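Here is the structure we will look at, set down as C-alpha cells.
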Amino acid sequence: MPQLVRNLSGRLIGRDISYYPRLSSTMEVARDRARHRAPEGTVILAGEQTTGRGRMKRTWISPPGSISLSVILYPDISRLPHMVMIASLAAARSVEQVTGLKTALKWPNDVLIRGKKVCGILIENELSGSAVSYAIIGIGINVNFTVRRLTQIASFATTLADELGHEIPLTDLVGALLAEMDQLYAQAGADSIYREWRDRLETLGKPVTVTSGHTVMHGTAEAVAPDGSLLLRQEDGTLSRVIAGDITLRDSS
Ligand code: BTN
C-alpha cells in the first residue's frame, strides 16, 4: 500500500488512504470519518469485510481477494446525481484497463462481465437542508477469488480471476480505479460523462422488470436522463421515471 499512496499523491481522490486488513464495512468507517470532516478524497480500503453492505439492504460478500473501498466526498448538491455515473465509469474503465476484459453497465451502477456482476456500488449521502454534508461512494470489486463455492452469489456473479484464469495485483486495480475516479470527479457534471455512462448501459432498449421499493413494473428501458433516472415505457404505453431501483432483463422472445 505505501507504493500506491506515493503514486496517487497530488490527486484529490486517494491522497489519504487508510488500509484495514479486516473490517466490518468500509461504509461505517468512512461515515464516521466524514462526520469528523476528513479531507475530501479520503479512501477507506479493506482487505476483507465481515458485514459488507449492498444496495437495497442486501449483504455484500467481500472475502480476501476482493476490493472493498469507500471514498469520502463533499460535492455540491447539483453534482450528487453524477456520483453514480462517476463511480460506475471509473470501475468499468479501470477493470478494462488492467485486465483487457470487456465490461457493460446495468442501470444504475452494476458492472458486468459476460452478463455477470463483477462490481457493485453503494452511495450514501447525508444532507443538511439543501447542502450535502457528505457523500460516500462505496465500491466492491470481485477480483482474486472464485465464486464457485460461494453459493449465495455463484449464479449471477463472477470475479476477474474467474474470467482471466489467473489473479491480478490488487494494487494495480485500486490505483487505476482511484485515478479514474479522480479524473472523472474533476469533470463532474460534464455531458461527456453522462453520454459515456448512457452508452455503456446494456439495458437500454430492452424489455425489463424494474423493482423500486414495493413496486414492480414491466416495460422497455427506453432512456436514461442526465440526472441518472431511468425512463421506463410501460406495457400500457405510459412513460415512468424511476429514480432508484433494480432492473432485470426479460426474455424478449
Ligand atoms: C451492490 O451492488 O449492492 C452494492 C455493493 C457495494 C459494496 C461496497 S464494498 C465497499 C463498500 N463497503 C460496503 O459495505 N459496501 C460497499
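Following the order of the C-alpha cells, first chain is A, next is B, and so on, with residues numbered from 1 inside each chain and ligands from 1 in the order they appear.
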Hey, which bits of chain A sit within 8 Å of ligand 1, and for each residue what's the closest pair of atoms and how far apart in Å (one decimal), counting only C-alpha atoms and all ligand atoms, rows by chain and increasing number, as a Markdown table?
| residue | atom | partner | partner_atom_place_in_ligand_line | distance |
| --- | --- | --- | --- | --- |
| A:Ser24 | CA | ligand 1 | 14 (O) | 7.4 |
| A:Ser25 | CA | ligand 1 | 14 (O) | 4.1 |
| A:Thr26 | CA | ligand 1 | 12 (N) | 4.5 |
| A:Met27 | CA | ligand 1 | 12 (N) | 4.7 |
| A:Glu28 | CA | ligand 1 | 14 (O) | 7.6 |
| A:Leu45 | CA | ligand 1 | 10 (C) | 7.8 |
| A:Ala46 | CA | ligand 1 | 10 (C) | 7.9 |
| A:Gln49 | CA | ligand 1 | 14 (O) | 7.1 |
| A:Thr51 | CA | ligand 1 | 14 (O) | 6.6 |
| A:Gly52 | CA | ligand 1 | 14 (O) | 3.4 |
| A:Arg53 | CA | ligand 1 | 14 (O) | 3.6 |
| A:Gly54 | CA | ligand 1 | 3 (O) | 3.2 |
| A:Arg55 | CA | ligand 1 | 3 (O) | 3.7 |
| A:Met56 | CA | ligand 1 | 3 (O) | 6.9 |
| A:Lys57 | CA | ligand 1 | 3 (O) | 7.9 |
| A:Arg58 | CA | ligand 1 | 3 (O) | 6.2 |
| A:Thr59 | CA | ligand 1 | 3 (O) | 7.3 |
| A:Trp60 | CA | ligand 1 | 7 (C) | 5.6 |
| A:Ser62 | CA | ligand 1 | 9 (S) | 6.9 |
| A:Ile67 | CA | ligand 1 | 9 (S) | 7.0 |
| A:Ser68 | CA | ligand 1 | 10 (C) | 3.9 |
| A:Leu69 | CA | ligand 1 | 10 (C) | 4.3 |
| A:Ser70 | CA | ligand 1 | 11 (C) | 5.5 |
| A:Asn109 | CA | ligand 1 | 2 (O) | 7.6 |
| A:Asp110 | CA | ligand 1 | 2 (O) | 6.1 |
| A:Cys119 | CA | ligand 1 | 2 (O) | 6.8 |
| A:Gly120 | CA | ligand 1 | 2 (O) | 3.4 |
| A:Ile121 | CA | ligand 1 | 4 (C) | 4.1 |
| A:Leu122 | CA | ligand 1 | 4 (C) | 4.5 |
| A:Ile137 | CA | ligand 1 | 11 (C) | 7.5 |
| A:Gly138 | CA | ligand 1 | 11 (C) | 3.9 |
| A:Ile139 | CA | ligand 1 | 8 (C) | 4.3 |
| A:Gly140 | CA | ligand 1 | 9 (S) | 3.6 |
| A:Ile141 | CA | ligand 1 | 9 (S) | 7.2 |
Could those residues be written to a file, using C-alpha atoms, as a PDB file, in the first residue's frame?
ATOM      1  CA  SER A  24     -16.995  -4.767   9.262  1.00  0.00           C
ATOM      2  CA  SER A  25     -17.754  -2.354   6.397  1.00  0.00           C
ATOM      3  CA  THR A  26     -15.742   0.472   4.866  1.00  0.00           C
ATOM      4  CA  MET A  27     -19.014   2.456   4.744  1.00  0.00           C
ATOM      5  CA  GLU A  28     -19.196   2.612   8.542  1.00  0.00           C
ATOM      6  CA  LEU A  45      -9.800   0.389   1.948  1.00  0.00           C
ATOM      7  CA  ALA A  46     -10.323  -3.078   3.443  1.00  0.00           C
ATOM      8  CA  GLN A  49     -15.248  -7.111   5.132  1.00  0.00           C
ATOM      9  CA  THR A  51     -20.531  -7.400   7.168  1.00  0.00           C
ATOM     10  CA  GLY A  52     -20.248  -5.733   3.759  1.00  0.00           C
ATOM     11  CA  ARG A  53     -23.377  -3.866   2.724  1.00  0.00           C
ATOM     12  CA  GLY A  54     -25.068  -3.807  -0.672  1.00  0.00           C
ATOM     13  CA  ARG A  55     -27.879  -1.751  -2.184  1.00  0.00           C
ATOM     14  CA  MET A  56     -31.464  -2.318  -1.048  1.00  0.00           C
ATOM     15  CA  LYS A  57     -30.263  -3.545   2.371  1.00  0.00           C
ATOM     16  CA  ARG A  58     -28.574  -6.570   0.823  1.00  0.00           C
ATOM     17  CA  THR A  59     -25.387  -8.221   2.056  1.00  0.00           C
ATOM     18  CA  TRP A  60     -22.188  -7.751   0.034  1.00  0.00           C
ATOM     19  CA  SER A  62     -16.189  -9.382   0.354  1.00  0.00           C
ATOM     20  CA  ILE A  67     -11.531  -4.815  -3.410  1.00  0.00           C
ATOM     21  CA  SER A  68     -13.711  -3.006  -0.875  1.00  0.00           C
ATOM     22  CA  LEU A  69     -13.308   0.713  -0.571  1.00  0.00           C
ATOM     23  CA  SER A  70     -15.237   3.857   0.284  1.00  0.00           C
ATOM     24  CA  ASN A 109     -24.428   1.139 -11.475  1.00  0.00           C
ATOM     25  CA  ASP A 110     -23.591  -2.560 -11.618  1.00  0.00           C
ATOM     26  CA  CYS A 119     -18.634  -4.901  -9.210  1.00  0.00           C
ATOM     27  CA  GLY A 120     -21.284  -3.221  -7.081  1.00  0.00           C
ATOM     28  CA  ILE A 121     -21.576   0.383  -5.974  1.00  0.00           C
ATOM     29  CA  LEU A 122     -23.316   1.810  -2.938  1.00  0.00           C
ATOM     30  CA  ILE A 137     -19.027   6.188  -2.633  1.00  0.00           C
ATOM     31  CA  GLY A 138     -18.595   2.504  -1.773  1.00  0.00           C
ATOM     32  CA  ILE A 139     -17.154   0.235  -4.441  1.00  0.00           C
ATOM     33  CA  GLY A 140     -16.776  -3.525  -4.227  1.00  0.00           C
ATOM     34  CA  ILE A 141     -14.980  -5.487  -6.953  1.00  0.00           C
TER      35      ILE A 141
END
- Message: I want to know what sits within 12 Å of segment 92-99 of chain A, based on only C-alpha atoms, with residues of the same chain fewer than 2 positions away left out; could you give that as a ChimeraX atom specification?
- Response: /A:67,85-90,101-106,109-113,117-121,139,141-143,159-181,183-184,196-197,200-201
- Message: I want to know what sits within 12 Å of Thr215 of chain A, based on only C-alpha atoms, with residues of the same chain fewer than 6 positions away left out; could you give that as a list in words?
- Response: Thr209, Val242, Ala244, Gly245, Asp246 and Ile247 of chain A
Just write the chosen residues, N, CA and C atoms, as a PDB file, in the first residue's frame.
ATOM      1  N   THR A 209     -37.823  -5.754 -16.183  1.00  0.00           N
ATOM      2  CA  THR A 209     -38.663  -5.634 -14.995  1.00  0.00           C
ATOM      3  C   THR A 209     -37.911  -4.731 -14.028  1.00  0.00           C
ATOM      4  N   VAL A 242     -37.944   6.380 -13.156  1.00  0.00           N
ATOM      5  CA  VAL A 242     -37.545   5.607 -11.973  1.00  0.00           C
ATOM      6  C   VAL A 242     -36.241   6.187 -11.450  1.00  0.00           C
ATOM      7  N   ALA A 244     -34.740   5.315  -8.293  1.00  0.00           N
ATOM      8  CA  ALA A 244     -33.903   4.290  -7.655  1.00  0.00           C
ATOM      9  C   ALA A 244     -34.596   2.954  -7.815  1.00  0.00           C
ATOM     10  N   GLY A 245     -33.841   1.938  -8.068  1.00  0.00           N
ATOM     11  CA  GLY A 245     -34.456   0.621  -8.206  1.00  0.00           C
ATOM     12  C   GLY A 245     -33.476  -0.385  -8.740  1.00  0.00           C
ATOM     13  N   ASP A 246     -34.035  -1.548  -9.046  1.00  0.00           N
ATOM     14  CA  ASP A 246     -33.249  -2.660  -9.587  1.00  0.00           C
ATOM     15  C   ASP A 246     -33.882  -3.093 -10.882  1.00  0.00           C
ATOM     16  N   ILE A 247     -33.082  -3.522 -11.801  1.00  0.00           N
ATOM     17  CA  ILE A 247     -33.609  -3.854 -13.109  1.00  0.00           C
ATOM     18  C   ILE A 247     -33.190  -5.278 -13.469  1.00  0.00           C
TER      19      ILE A 247
END
- Item | Interatomic distance (Å, one decimal) between atom CA of Gly65 of chain A and atom CA of Ala30 of chain A |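 Computing it gives 20.7 Å between the two atoms.
Nearest residue to His82 of chain A, choosing from A:Val132, A:Leu150, A:Ala157, A:Ile193 and counting only C-alpha atoms: A:Ile193.
Of note, atom CA of Glu124 of chain A and atom CA of Ser78 of chain A are spaced 15.6 Å apart.
Pairwise distance (atom CA of Arg15 of chain A, atom CA of Pro75 of chain A) equals 16.8 Å.
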- Nearest to His36 of chain A: which of A:Ser133, A:Gln152, A:Asn125, A:Ser18 is it, counting only C-alpha atoms?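 Of A:Ser133, A:Gln152, A:Asn125, A:Ser18, the one nearest His36 of chain A is A:Ser133, counting only C-alpha atoms.
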- Task: Return as number ranges by chain the full set of residues in segment 9-92 of chain A whose backbone-based DSSP assignment is alpha helix (DSSP H).
- Result: A: 26-35, 82-92
File dump, residues just selected, all heavy atoms, as a compact mmCIF listing (two decimals), in the first residue's frame:
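Heads up, here's the output in again-v6.txt:
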# COMPACT_ATOMS: atom_id res chain seq x y z
N THR A 26 -16.45 -0.80 5.09
CA THR A 26 -15.74 0.47 4.87
C THR A 26 -16.72 1.65 4.93
O THR A 26 -16.32 2.78 5.20
CB THR A 26 -15.03 0.48 3.49
OG1 THR A 26 -16.00 0.24 2.47
CG2 THR A 26 -13.93 -0.56 3.42
N MET A 27 -18.02 1.38 4.71
CA MET A 27 -19.01 2.46 4.74
C MET A 27 -19.12 3.04 6.15
O MET A 27 -19.27 4.25 6.33
CB MET A 27 -20.40 1.97 4.30
CG MET A 27 -20.49 1.43 2.89
SD MET A 27 -19.91 2.54 1.60
CE MET A 27 -21.27 3.63 1.33
N GLU A 28 -19.05 2.15 7.15
CA GLU A 28 -19.20 2.61 8.54
C GLU A 28 -18.02 3.51 8.94
O GLU A 28 -18.21 4.58 9.52
CB GLU A 28 -19.24 1.42 9.52
CG GLU A 28 -20.18 0.30 9.15
CD GLU A 28 -21.60 0.77 8.97
OE1 GLU A 28 -22.01 1.73 9.65
OE2 GLU A 28 -22.33 0.20 8.14
N VAL A 29 -16.82 3.06 8.61
CA VAL A 29 -15.62 3.84 8.98
C VAL A 29 -15.62 5.16 8.22
O VAL A 29 -15.35 6.22 8.78
CB VAL A 29 -14.33 3.02 8.68
CG1 VAL A 29 -13.09 3.86 8.95
CG2 VAL A 29 -14.31 1.75 9.51
N ALA A 30 -15.98 5.10 6.93
CA ALA A 30 -15.99 6.33 6.11
C ALA A 30 -17.03 7.33 6.66
O ALA A 30 -16.76 8.53 6.73
CB ALA A 30 -16.30 5.99 4.66
N ARG A 31 -18.18 6.83 7.08
CA ARG A 31 -19.21 7.73 7.60
C ARG A 31 -18.72 8.44 8.87
O ARG A 31 -18.88 9.65 9.03
CB ARG A 31 -20.49 6.93 7.90
CG ARG A 31 -21.66 7.84 8.28
CD ARG A 31 -22.93 7.07 8.45
NE ARG A 31 -22.74 5.96 9.37
CZ ARG A 31 -23.54 4.92 9.46
NH1 ARG A 31 -24.58 4.81 8.67
NH2 ARG A 31 -23.32 3.95 10.34
N ASP A 32 -18.08 7.65 9.72
CA ASP A 32 -17.56 8.23 10.95
C ASP A 32 -16.50 9.29 10.64
O ASP A 32 -16.50 10.38 11.21
CB ASP A 32 -16.97 7.07 11.78
CG ASP A 32 -16.62 7.55 13.16
OD1 ASP A 32 -17.51 8.13 13.80
OD2 ASP A 32 -15.46 7.38 13.59
N ARG A 33 -15.62 8.98 9.68
CA ARG A 33 -14.55 9.93 9.32
C ARG A 33 -15.15 11.17 8.65
O ARG A 33 -14.68 12.29 8.86
CB ARG A 33 -13.55 9.25 8.38
CG ARG A 33 -12.84 8.06 9.02
CD ARG A 33 -11.64 8.49 9.85
NE ARG A 33 -10.56 8.94 9.01
CZ ARG A 33 -9.65 8.17 8.43
NH1 ARG A 33 -9.67 6.86 8.67
NH2 ARG A 33 -8.72 8.67 7.67
N ALA A 34 -16.20 10.99 7.83
CA ALA A 34 -16.83 12.13 7.14
C ALA A 34 -17.49 13.06 8.16
O ALA A 34 -17.45 14.28 8.02
CB ALA A 34 -17.85 11.64 6.13
N ARG A 35 -18.09 12.45 9.18
CA ARG A 35 -18.74 13.28 10.22
C ARG A 35 -17.72 14.11 10.98
O ARG A 35 -18.06 15.13 11.56
CB ARG A 35 -19.55 12.39 11.17
CG ARG A 35 -20.82 11.92 10.48
CD ARG A 35 -21.70 11.10 11.38
NE ARG A 35 -22.97 10.81 10.69
CZ ARG A 35 -23.75 9.80 10.97
NH1 ARG A 35 -23.43 8.95 11.94
NH2 ARG A 35 -24.87 9.61 10.30
N HIS A 82 -24.53 12.80 -10.30
CA HIS A 82 -23.44 12.32 -11.16
C HIS A 82 -22.51 11.34 -10.46
O HIS A 82 -21.68 10.71 -11.10
CB HIS A 82 -22.63 13.51 -11.69
CG HIS A 82 -23.49 14.49 -12.43
ND1 HIS A 82 -23.60 15.80 -12.07
CD2 HIS A 82 -24.34 14.31 -13.46
CE1 HIS A 82 -24.47 16.39 -12.85
NE2 HIS A 82 -24.94 15.52 -13.71
N MET A 83 -22.67 11.21 -9.14
CA MET A 83 -21.76 10.31 -8.41
C MET A 83 -21.91 8.86 -8.89
O MET A 83 -20.94 8.12 -8.99
CB MET A 83 -22.01 10.40 -6.89
CG MET A 83 -21.74 11.78 -6.31
SD MET A 83 -20.05 12.36 -6.58
CE MET A 83 -20.32 13.77 -7.60
N VAL A 84 -23.15 8.46 -9.20
CA VAL A 84 -23.41 7.11 -9.71
C VAL A 84 -22.64 6.88 -11.02
O VAL A 84 -22.02 5.84 -11.23
CB VAL A 84 -24.93 6.95 -9.99
CG1 VAL A 84 -25.22 5.74 -10.84
CG2 VAL A 84 -25.71 6.89 -8.69
N MET A 85 -22.69 7.89 -11.88
CA MET A 85 -22.04 7.75 -13.20
C MET A 85 -20.52 7.70 -13.04
O MET A 85 -19.84 6.88 -13.66
CB MET A 85 -22.42 8.94 -14.10
CG MET A 85 -23.90 9.05 -14.31
SD MET A 85 -24.32 10.54 -15.26
CE MET A 85 -26.00 10.77 -14.73
N ILE A 86 -20.01 8.60 -12.20
CA ILE A 86 -18.55 8.67 -11.99
C ILE A 86 -18.03 7.35 -11.43
O ILE A 86 -17.03 6.80 -11.92
CB ILE A 86 -18.24 9.84 -11.03
CG1 ILE A 86 -18.44 11.15 -11.78
CG2 ILE A 86 -16.85 9.73 -10.43
CD1 ILE A 86 -18.37 12.37 -10.89
N ALA A 87 -18.73 6.82 -10.43
CA ALA A 87 -18.26 5.59 -9.78
C ALA A 87 -18.32 4.41 -10.74
O ALA A 87 -17.36 3.63 -10.85
CB ALA A 87 -19.10 5.32 -8.54
N SER A 88 -19.43 4.27 -11.47
CA SER A 88 -19.53 3.09 -12.33
C SER A 88 -18.60 3.19 -13.53
O SER A 88 -18.01 2.20 -13.96
CB SER A 88 -20.98 2.83 -12.76
OG SER A 88 -21.58 3.98 -13.22
N LEU A 89 -18.41 4.40 -14.07
CA LEU A 89 -17.48 4.56 -15.19
C LEU A 89 -16.04 4.30 -14.74
O LEU A 89 -15.27 3.65 -15.46
CB LEU A 89 -17.56 5.98 -15.75
CG LEU A 89 -18.68 6.28 -16.72
CD1 LEU A 89 -18.53 7.69 -17.25
CD2 LEU A 89 -18.69 5.28 -17.86
N ALA A 90 -15.69 4.81 -13.57
CA ALA A 90 -14.32 4.59 -13.06
C ALA A 90 -14.07 3.09 -12.89
O ALA A 90 -13.00 2.59 -13.24
CB ALA A 90 -14.11 5.33 -11.75
N ALA A 91 -15.07 2.38 -12.36
CA ALA A 91 -14.90 0.93 -12.16
C ALA A 91 -14.77 0.22 -13.50
O ALA A 91 -13.87 -0.59 -13.70
CB ALA A 91 -16.08 0.38 -11.36
N ALA A 92 -15.66 0.54 -14.44
CA ALA A 92 -15.64 -0.14 -15.74
C ALA A 92 -14.33 0.16 -16.48
O ALA A 92 -13.67 -0.76 -16.99
CB ALA A 92 -16.83 0.30 -16.57
Tell me, as a PDB file with C-alpha atoms, in the first residue's frame, which residues lie within 8 Å of Pro63 of chain A, counting only C-alpha atoms; anything in the same chain fewer than 3 positions away does not count.
ATOM      1  CA  GLY A  47      -8.622  -6.405   2.744  1.00  0.00           C
ATOM      2  CA  GLU A  48     -11.909  -8.111   3.611  1.00  0.00           C
ATOM      3  CA  GLN A  49     -15.248  -7.111   5.132  1.00  0.00           C
ATOM      4  CA  SER A  66     -11.812  -8.586  -3.229  1.00  0.00           C
ATOM      5  CA  PHE A 145     -11.244 -15.412  -5.639  1.00  0.00           C
TER       6      PHE A 145
END
- Message: Excluding Pro207 of chain A and its own-chain neighbours fewer than 4 positions away, which residues fall within 9 Å of it when counting only C-alpha atoms? Please give them as a PyMOL selection string.
- Response: chain A and resi 203+218-221+248-252
Just N, CA, C and O atoms for this one: save the residues we selected as an mmCIF file, in the first residue's frame.
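Result went into out10.cif, see below:
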data_model
loop_
_atom_site.group_PDB
_atom_site.id
_atom_site.type_symbol
_atom_site.label_atom_id
_atom_site.label_comp_id
_atom_site.auth_asym_id
_atom_site.auth_seq_id
_atom_site.Cartn_x
_atom_site.Cartn_y
_atom_site.Cartn_z
ATOM 1 N N THR A 203 -28.745 -2.211 -20.821
ATOM 2 C CA THR A 203 -30.171 -2.462 -20.646
ATOM 3 C C THR A 203 -31.064 -1.590 -21.539
ATOM 4 O O THR A 203 -32.250 -1.871 -21.670
ATOM 5 N N HIS A 218 -43.217 -3.571 -15.424
ATOM 6 C CA HIS A 218 -42.673 -4.211 -16.614
ATOM 7 C C HIS A 218 -42.719 -3.216 -17.762
ATOM 8 O O HIS A 218 -43.635 -2.403 -17.844
ATOM 9 N N GLY A 219 -41.758 -3.282 -18.638
ATOM 10 C CA GLY A 219 -41.777 -2.392 -19.798
ATOM 11 C C GLY A 219 -40.457 -2.439 -20.529
ATOM 12 O O GLY A 219 -39.704 -3.416 -20.431
ATOM 13 N N THR A 220 -40.200 -1.347 -21.262
ATOM 14 C CA THR A 220 -38.940 -1.260 -22.004
ATOM 15 C C THR A 220 -38.119 -0.119 -21.407
ATOM 16 O O THR A 220 -38.642 0.976 -21.190
ATOM 17 N N ALA A 221 -36.843 -0.395 -21.146
ATOM 18 C CA ALA A 221 -35.939 0.647 -20.628
ATOM 19 C C ALA A 221 -35.634 1.571 -21.800
ATOM 20 O O ALA A 221 -34.792 1.266 -22.624
ATOM 21 N N THR A 248 -34.114 -6.049 -14.060
ATOM 22 C CA THR A 248 -33.702 -7.347 -14.612
ATOM 23 C C THR A 248 -34.181 -7.429 -16.046
ATOM 24 O O THR A 248 -35.286 -6.986 -16.362
ATOM 25 N N LEU A 249 -33.346 -7.984 -16.885
ATOM 26 C CA LEU A 249 -33.709 -8.145 -18.299
ATOM 27 C C LEU A 249 -34.746 -9.255 -18.405
ATOM 28 O O LEU A 249 -34.663 -10.259 -17.708
ATOM 29 N N ARG A 250 -35.746 -9.040 -19.288
ATOM 30 C CA ARG A 250 -36.735 -10.089 -19.512
ATOM 31 C C ARG A 250 -36.490 -10.706 -20.872
ATOM 32 O O ARG A 250 -35.989 -10.045 -21.786
ATOM 33 N N ASP A 251 -36.912 -11.943 -21.016
ATOM 34 C CA ASP A 251 -36.773 -12.615 -22.306
ATOM 35 C C ASP A 251 -37.688 -11.919 -23.309
ATOM 36 O O ASP A 251 -38.873 -11.761 -23.040
ATOM 37 N N SER A 252 -37.130 -11.474 -24.440
ATOM 38 C CA SER A 252 -37.963 -10.749 -25.403
ATOM 39 C C SER A 252 -38.651 -11.690 -26.398
ATOM 40 O O SER A 252 -39.440 -11.268 -27.210
#
- Those in segment 33-232 of chain A with strand (DSSP E or B) from DSSP, as a PyMOL selection string: chain A and resi 43-49+53+59+62+66-73+104-106+110-113+116-128+131-142+157+201+207-212+215-224+230-232
- Determine the nearest neighbour of Gly228 of chain A from the options A:Arg148, A:Lys116, A:Arg79, A:His214, counting only C-alpha atoms.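 Residue with the minimum atom-to-atom distance to Gly228 of chain A: A:Arg79.
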